[in-house]
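Novice: Handing you this structure, nothing more for now.
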Amino acid sequence: MKFIHTSDWHLGKSLEGHSRLEEQEKFCEDFVKLVNDNDIDMVIIAGDIYDTSNPPAQAEKLFYKTVSRLANNGERCVLIISGNHDNPERLAAITPLAHEQGIIVLGYPLSSTEKAKYEGFEILDAKEGCLKVEIKGEKATIITLPYPSEKRLNEAIGNPNNNEEAQKTYSERVGELFRELEENFEEDTINIAVSHIFVVGGEGTDSERPIQLGGSLLVEKKDLPTKAQYIALGHLHKPQKASDRLNAYYSGSPLQYSKDERSYAKGANIVDLKAGESPIIQSIYFKNYKPIEVFKCNGIEEAIKICEDNQDRDIWSYFEIKTEHVISQSEIKKMKELLDDIIEIRPIITSEYNEEEIDVNEKSMGELFKEFYQFSTGLDPRGELMDLFLDIISEEGDLEDETN
Ligand SMILES: [Mn+2]
C-alpha cells in the first residue's frame, strides 16, 4: 500500500494581513497531480486543515474541491483528522456528503466513521479511534487521535476516578489511550497511527501557535504508539522525525508560513508499507510559489536598490534597514512603488538619541510626539496618526478646562 502523509495546510492563513490563498490554490492543484502521478492509494492529512475555527468561505471551497478530486468518488481513500487550529465539529460537519465519496473526516478523539464499500476500497470495520480498510487486496488498521485538547481528552477517556488516576500527566493519559487503541493492530495488517500532537523535543517555528501555553500538552516519546509501523503526525511546520526509535514523522506544512521557515524545503512523505515490514519512506518537496525574503540593508539607498533588483520576482519581503536618519514616508512610498508585497520595513537607528538636546518647554506637544515617534520607530508618523494625536491632545485640554 502506498500512502501520502501531509498536514498543516492552514487554508485561509494570511501573512500579516496578506492573503496566501493564491499560493494555497497552486499547492492544491499540484498536490492532486502529485497524488495521481504517484498512484497513491490513500491520502492522510494529519490536522490543521484550516488556520482558524472560522475559516473564510474561499478556503472551505478550496478544501472541498481538493479532497473531492483526491477521493475521485471513492476511487481513493482520504483520511483527515482535526488539528489544534480546526473546529472539530465544523470540520467534520461535511461528513454526510464526504462519506459518500470515501472521504473520512474525524474531529474528536475517539470519533469514528462507518463501514462502507467504494469503487476503490472498503472500510471493513469502524470503531472509536480506529478503522480498518482494504485497498487492492491489502488490509490496514489505522488508529487515529485527532487533536486531544485537555478537555477533549477528558471527555474521551473520562475524568480520573481515583487519586492515582488524577496524578497522571497529560502525556501519560495520551499514552494510555494510544496503547488501548493499539490493541486493534493485527499481525497481518498494515498498522498506522495518525495524530495531531506536540511531541517533546520537536523543533517549532513562529507559525504553529503553541498547542497550549506553558507546554503542558507535550507528549513524551515513550507515550507514542510503539507498535505502529508508521506514525503520521501534524502540528510542527518543519518536516522532521519525532523519535529516534519509531517511524514517527511530522510532514510539516506545504507552504512557508513565517519568515523563520525560509531555510528548508516544504514537502510530504510518500510511504510504501506492507504488513510486518519496515516502511519505505520517500520525502518529496513542493514548489515555493512565493518565497519569503528578509533583506538586511545598510542605509535606505541599499534598500531601494534591492527593491529595484527584485522588481520582477514574486516574493514576500521584510526589510531591516540600518540608518542614521529617520526613514521618511516618501522613501517608504518609493520602495513600495518599486516592489510589491513588502510586509515590513524595520529601521534600525544607528545614531544616538541625545536627551539634552530636547528642550521640552521650547517645543509643542505635536513636535515632541513626532520626535518621540521617530526615535522609537525610525519612521515619520503618518498624517492620520499625527491628526489623531493632536485631536486627543486638544480633547484633554478641553477636559482640563471643564474640571478646573
Ligand atoms: Mn499547524
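Labeling convention for the C-alpha cells: chains A, B, ... as they appear, residues from 1 per chain, ligands from 1 in order of appearance.
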Please find the residues contacting ligand 1 at a distance of at most 8 Å between atoms, with only C-alpha atoms and all ligand atoms counted, and report them as a PyMOL selection string.
Specialist: chain A and resi 7-10+47-48+51+83-85+207-209+234-237+253
Novice: Based on the selection just made, write N, CA and C atoms of those residues as a PDB file, in the first residue's frame.
Specialist:
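Produced file out19.pdb, reproduced below:
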```
ATOM      1  N   SER A   7       0.200  17.455   6.243  1.00  0.00           N
ATOM      2  CA  SER A   7      -0.551  18.075   7.343  1.00  0.00           C
ATOM      3  C   SER A   7      -0.413  19.594   7.272  1.00  0.00           C
ATOM      4  N   ASP A   8      -1.102  20.250   8.180  1.00  0.00           N
ATOM      5  CA  ASP A   8      -0.920  21.697   8.390  1.00  0.00           C
ATOM      6  C   ASP A   8      -1.045  22.534   7.120  1.00  0.00           C
ATOM      7  N   TRP A   9      -2.141  22.336   6.421  1.00  0.00           N
ATOM      8  CA  TRP A   9      -2.376  23.128   5.209  1.00  0.00           C
ATOM      9  C   TRP A   9      -2.729  24.572   5.565  1.00  0.00           C
ATOM     10  N   HIS A  10      -3.361  24.755   6.699  1.00  0.00           N
ATOM     11  CA  HIS A  10      -3.725  26.112   7.175  1.00  0.00           C
ATOM     12  C   HIS A  10      -4.397  26.955   6.091  1.00  0.00           C
ATOM     13  N   GLY A  47      -4.253  16.978  10.262  1.00  0.00           N
ATOM     14  CA  GLY A  47      -4.739  18.109  11.050  1.00  0.00           C
ATOM     15  C   GLY A  47      -4.268  19.483  10.629  1.00  0.00           C
ATOM     16  N   ASP A  48      -4.954  20.498  11.166  1.00  0.00           N
ATOM     17  CA  ASP A  48      -4.781  21.900  10.775  1.00  0.00           C
ATOM     18  C   ASP A  48      -5.031  22.079   9.281  1.00  0.00           C
ATOM     19  N   ASP A  51      -6.746  27.506   9.119  1.00  0.00           N
ATOM     20  CA  ASP A  51      -5.940  28.273  10.055  1.00  0.00           C
ATOM     21  C   ASP A  51      -6.737  28.710  11.277  1.00  0.00           C
ATOM     22  N   GLY A  83      -6.820  19.383  13.682  1.00  0.00           N
ATOM     23  CA  GLY A  83      -5.661  19.848  14.438  1.00  0.00           C
ATOM     24  C   GLY A  83      -6.092  20.903  15.445  1.00  0.00           C
ATOM     25  N   ASN A  84      -5.122  21.505  16.129  1.00  0.00           N
ATOM     26  CA  ASN A  84      -5.488  22.488  17.156  1.00  0.00           C
ATOM     27  C   ASN A  84      -6.093  23.762  16.575  1.00  0.00           C
ATOM     28  N   HIS A  85      -5.865  24.019  15.287  1.00  0.00           N
ATOM     29  CA  HIS A  85      -6.458  25.218  14.682  1.00  0.00           C
ATOM     30  C   HIS A  85      -7.883  24.969  14.178  1.00  0.00           C
ATOM     31  N   SER A 207       4.978  29.940  13.284  1.00  0.00           N
ATOM     32  CA  SER A 207       3.608  29.959  12.759  1.00  0.00           C
ATOM     33  C   SER A 207       2.682  28.879  13.317  1.00  0.00           C
ATOM     34  N   GLU A 208       3.143  28.085  14.273  1.00  0.00           N
ATOM     35  CA  GLU A 208       2.275  26.996  14.730  1.00  0.00           C
ATOM     36  C   GLU A 208       1.240  27.400  15.760  1.00  0.00           C
ATOM     37  N   ARG A 209       1.534  28.414  16.545  1.00  0.00           N
ATOM     38  CA  ARG A 209       0.749  28.772  17.726  1.00  0.00           C
ATOM     39  C   ARG A 209       0.890  27.607  18.718  1.00  0.00           C
ATOM     40  N   GLY A 234       0.872  15.616  12.769  1.00  0.00           N
ATOM     41  CA  GLY A 234       0.684  17.000  12.359  1.00  0.00           C
ATOM     42  C   GLY A 234       0.952  17.887  13.550  1.00  0.00           C
ATOM     43  N   HIS A 235       1.245  19.118  13.327  1.00  0.00           N
ATOM     44  CA  HIS A 235       1.403  20.234  14.252  1.00  0.00           C
ATOM     45  C   HIS A 235       2.660  21.054  13.960  1.00  0.00           C
ATOM     46  N   LEU A 236       3.834  20.399  13.917  1.00  0.00           N
ATOM     47  CA  LEU A 236       5.047  21.177  13.656  1.00  0.00           C
ATOM     48  C   LEU A 236       5.176  21.441  12.155  1.00  0.00           C
ATOM     49  N   HIS A 237       5.609  22.637  11.803  1.00  0.00           N
ATOM     50  CA  HIS A 237       5.614  23.030  10.391  1.00  0.00           C
ATOM     51  C   HIS A 237       6.909  22.709   9.667  1.00  0.00           C
ATOM     52  N   SER A 253       4.265  21.710   7.094  1.00  0.00           N
ATOM     53  CA  SER A 253       3.250  22.420   6.300  1.00  0.00           C
ATOM     54  C   SER A 253       3.704  22.511   4.834  1.00  0.00           C
TER      55      SER A 253
END
```
Novice: In segment 135-241 of chain A, what's helix (DSSP H, G or I) per DSSP? Answer as number ranges by chain?
Specialist: A: 150-157, 163-167, 170-182, 221-223
Novice: Assign secondary structure with DSSP using the backbone only, and return the residues of segment 78-109 of chain A in strand (DSSP E) as an NGL selection string.
Specialist: :A and (78-81 or 103-106)
Novice: Nearest residue to Val271 of chain A out of A:Thr6, A:Asn163, A:Ser243, A:Ser330, using only C-alpha atoms?
Specialist: A:Thr6
Novice: So that I can see what lies close to Phe319 of chain A, please list as a PyMOL selection string the residues with an atom at most 10 Å from it, counting only C-alpha atoms and leaving out residues fewer than 2 positions away in the same chain.
Specialist: chain A and resi 293-297+303+306-307+317+321-322+342-347
Novice: Produce a file of the selected residues containing N, CA, C and O atoms, as a compact mmCIF listing (two decimals), in the first residue's frame.
Specialist:
```
# COMPACT_ATOMS: atom_id res chain seq x y z
N GLU A 293 11.37 36.62 1.76
CA GLU A 293 12.76 37.09 1.82
C GLU A 293 12.92 38.09 2.95
O GLU A 293 12.03 38.90 3.20
N VAL A 294 14.07 38.03 3.63
CA VAL A 294 14.40 39.05 4.62
C VAL A 294 15.65 39.76 4.12
O VAL A 294 16.69 39.13 3.92
N PHE A 295 15.55 41.05 3.88
CA PHE A 295 16.69 41.82 3.38
C PHE A 295 17.25 42.68 4.50
O PHE A 295 16.52 43.48 5.10
N LYS A 296 18.53 42.51 4.78
CA LYS A 296 19.19 43.35 5.78
C LYS A 296 20.06 44.37 5.03
O LYS A 296 20.96 43.97 4.30
N CYS A 297 19.74 45.64 5.16
CA CYS A 297 20.42 46.64 4.34
C CYS A 297 21.13 47.69 5.19
O CYS A 297 20.69 48.01 6.29
N ALA A 303 18.41 49.68 0.34
CA ALA A 303 17.06 49.09 0.36
C ALA A 303 16.33 49.40 -0.95
O ALA A 303 15.67 48.51 -1.53
N ILE A 306 17.69 47.24 -3.69
CA ILE A 306 17.17 45.87 -3.58
C ILE A 306 15.76 45.79 -4.16
O ILE A 306 15.42 44.83 -4.86
N CYS A 307 14.97 46.79 -3.89
CA CYS A 307 13.61 46.82 -4.44
C CYS A 307 13.67 46.82 -5.97
O CYS A 307 12.92 46.10 -6.63
N SER A 317 8.40 40.27 1.22
CA SER A 317 9.68 40.70 1.76
C SER A 317 9.59 41.49 3.06
O SER A 317 8.62 42.21 3.32
N ILE A 321 16.58 47.86 7.97
CA ILE A 321 17.45 48.88 7.38
C ILE A 321 18.21 49.63 8.48
O ILE A 321 17.60 50.28 9.34
N LYS A 322 19.53 49.50 8.44
CA LYS A 322 20.36 50.29 9.37
C LYS A 322 20.43 51.71 8.83
O LYS A 322 20.77 51.92 7.67
N ILE A 342 5.64 44.22 0.17
CA ILE A 342 6.58 44.40 1.27
C ILE A 342 5.77 44.26 2.56
O ILE A 342 4.79 44.97 2.77
N ILE A 343 6.17 43.31 3.38
CA ILE A 343 5.40 43.03 4.60
C ILE A 343 5.79 43.99 5.72
O ILE A 343 4.96 44.45 6.48
N GLU A 344 7.10 44.26 5.81
CA GLU A 344 7.55 45.08 6.94
C GLU A 344 8.83 45.83 6.58
O GLU A 344 9.71 45.29 5.92
N ILE A 345 8.90 47.08 7.01
CA ILE A 345 10.14 47.85 6.89
C ILE A 345 10.54 48.24 8.30
O ILE A 345 9.81 48.95 8.99
N ARG A 346 11.67 47.70 8.74
CA ARG A 346 12.07 47.97 10.13
C ARG A 346 13.41 48.72 10.15
O ARG A 346 14.45 48.16 9.84
N PRO A 347 13.35 50.01 10.46
CA PRO A 347 14.59 50.77 10.54
C PRO A 347 15.33 50.46 11.83
O PRO A 347 14.70 50.27 12.87
```
Novice: Go through segment 146-228 of chain A and flag each residue having an atom no more than 7 Å from segment 26-46 of chain A; for those, report the closest pair of atoms plus their distance in Å to one decimal, using only C-alpha atoms, ordered by chain and rising number, as a tab-separated table.
Specialist:
```
residue	atom	partner	partner_atom	distance
A:Val194	CA	A:Ala46	CA	6.4
A:Ser195	CA	A:Ala46	CA	6.1
A:His196	CA	A:Ala46	CA	6.1
```
Novice: Counting only C-alpha atoms, what is within 8 Å of Leu339 of chain A, bar same-chain residues fewer than 3 positions away, as number ranges by chain?
Specialist: A: 307-308, 310-311, 335-336, 342
Novice: Counting only C-alpha atoms, which of A:Leu110, A:Ile123, A:Leu338, A:Leu97 gets nearest to Ala156 of chain A?
Specialist: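 Closest to Ala156 of chain A of all the choices is A:Leu110.
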Novice: Excluding Asp206 of chain A and residues on its chain fewer than 2 positions from it, collect all residues at most 10 Å away from it, counting only C-alpha atoms, and give them as a PyMOL selection string.
Specialist: chain A and resi 204+208-210+237+257-261
Novice: If we count only C-alpha atoms, what is near Ser53 of chain A at a cut-off of 9 Å, once residues fewer than 4 positions away on the same chain are taken out, given as an MDAnalysis selection string?
Specialist: chainID A and resid 85:88 90:91
Novice: Can you write out the residues you just picked, keeping N, CA, C and O atoms, as a PDB file, in the first residue's frame?
Specialist:
```pdb
ATOM      1  N   HIS A  85      -5.865  24.019  15.287  1.00  0.00           N
ATOM      2  CA  HIS A  85      -6.458  25.218  14.682  1.00  0.00           C
ATOM      3  C   HIS A  85      -7.883  24.969  14.178  1.00  0.00           C
ATOM      4  O   HIS A  85      -8.608  25.920  13.927  1.00  0.00           O
ATOM      5  N   ASP A  86      -8.248  23.718  13.962  1.00  0.00           N
ATOM      6  CA  ASP A  86      -9.569  23.426  13.392  1.00  0.00           C
ATOM      7  C   ASP A  86     -10.646  23.400  14.467  1.00  0.00           C
ATOM      8  O   ASP A  86     -10.395  23.042  15.610  1.00  0.00           O
ATOM      9  N   ASN A  87     -11.851  23.730  14.048  1.00  0.00           N
ATOM     10  CA  ASN A  87     -13.008  23.482  14.897  1.00  0.00           C
ATOM     11  C   ASN A  87     -13.479  22.068  14.563  1.00  0.00           C
ATOM     12  O   ASN A  87     -13.953  21.817  13.454  1.00  0.00           O
ATOM     13  N   PRO A  88     -13.319  21.115  15.488  1.00  0.00           N
ATOM     14  CA  PRO A  88     -13.582  19.702  15.151  1.00  0.00           C
ATOM     15  C   PRO A  88     -15.007  19.451  14.681  1.00  0.00           C
ATOM     16  O   PRO A  88     -15.236  18.673  13.753  1.00  0.00           O
ATOM     17  N   ARG A  90     -17.081  21.591  13.273  1.00  0.00           N
ATOM     18  CA  ARG A  90     -17.331  22.192  11.969  1.00  0.00           C
ATOM     19  C   ARG A  90     -16.580  21.461  10.861  1.00  0.00           C
ATOM     20  O   ARG A  90     -17.116  21.268   9.768  1.00  0.00           O
ATOM     21  N   LEU A  91     -15.340  21.044  11.158  1.00  0.00           N
ATOM     22  CA  LEU A  91     -14.553  20.320  10.158  1.00  0.00           C
ATOM     23  C   LEU A  91     -15.285  19.056   9.720  1.00  0.00           C
ATOM     24  O   LEU A  91     -15.361  18.733   8.549  1.00  0.00           O
TER      25      LEU A  91
END
```
Novice: Tell me which protein, DNA and RNA residues are within 8 Å of segment 171-179 of chain A, counting only C-alpha atoms, leaving out same-chain ones fewer than 4 positions away, and put them as a list in words.
Specialist: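 So, after excluding close chain neighbours, the residues are Leu153, Ile157, Glu183, Leu217, Leu218, Val219, Glu220, Lys222, Asp223, Leu224 and Pro225 of chain A.
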Novice: From the list A:Glu122, A:Glu60, A:Glu89, A:Glu134, which residue is nearest Gly74 of chain A when using only C-alpha atoms?
Specialist: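 Once distances to Gly74 of chain A are computed over only C-alpha atoms, the minimum belongs to A:Glu122.
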Novice: To one decimal place in Å, what is the distance between atom CA of Pro239 of chain A and atom CA of Gln282 of chain A?
Specialist: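 Separation between atom CA of Pro239 of chain A and atom CA of Gln282 of chain A: 12.4 Å.
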Novice: What separation in Å, quoted to one decimal, exists between atom CA of Gly12 of chain A and atom CA of Gly107 of chain A?
Specialist: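 So the answer is 18.9 Å.
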Novice: Any idea what the distance is between atom CA of Leu390 of chain A and atom CA of Phe369 of chain A?
Specialist: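 About the pair atom CA of Leu390 of chain A and atom CA of Phe369 of chain A: they are 9.3 Å apart.
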Novice: For a quick check of understanding, using only C-alpha atoms, which of A:His5, A:Tyr118, A:Lys334, A:Cys77 has the smallest distance to Ala268 of chain A?
Specialist: A:His5
Novice: Ranking A:Ile300, A:Leu106, A:Val200, A:Ile192 by minimum distance to Val133 of chain A and counting only C-alpha atoms, which one comes first?
Specialist: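 That would be A:Ile192, the residue with the smallest distance to Val133 of chain A.
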Novice: Nearest residue to Val360 of chain A out of A:Phe372, A:Asp380, A:Asn191, A:Glu182, using only C-alpha atoms?
Specialist: A:Phe372
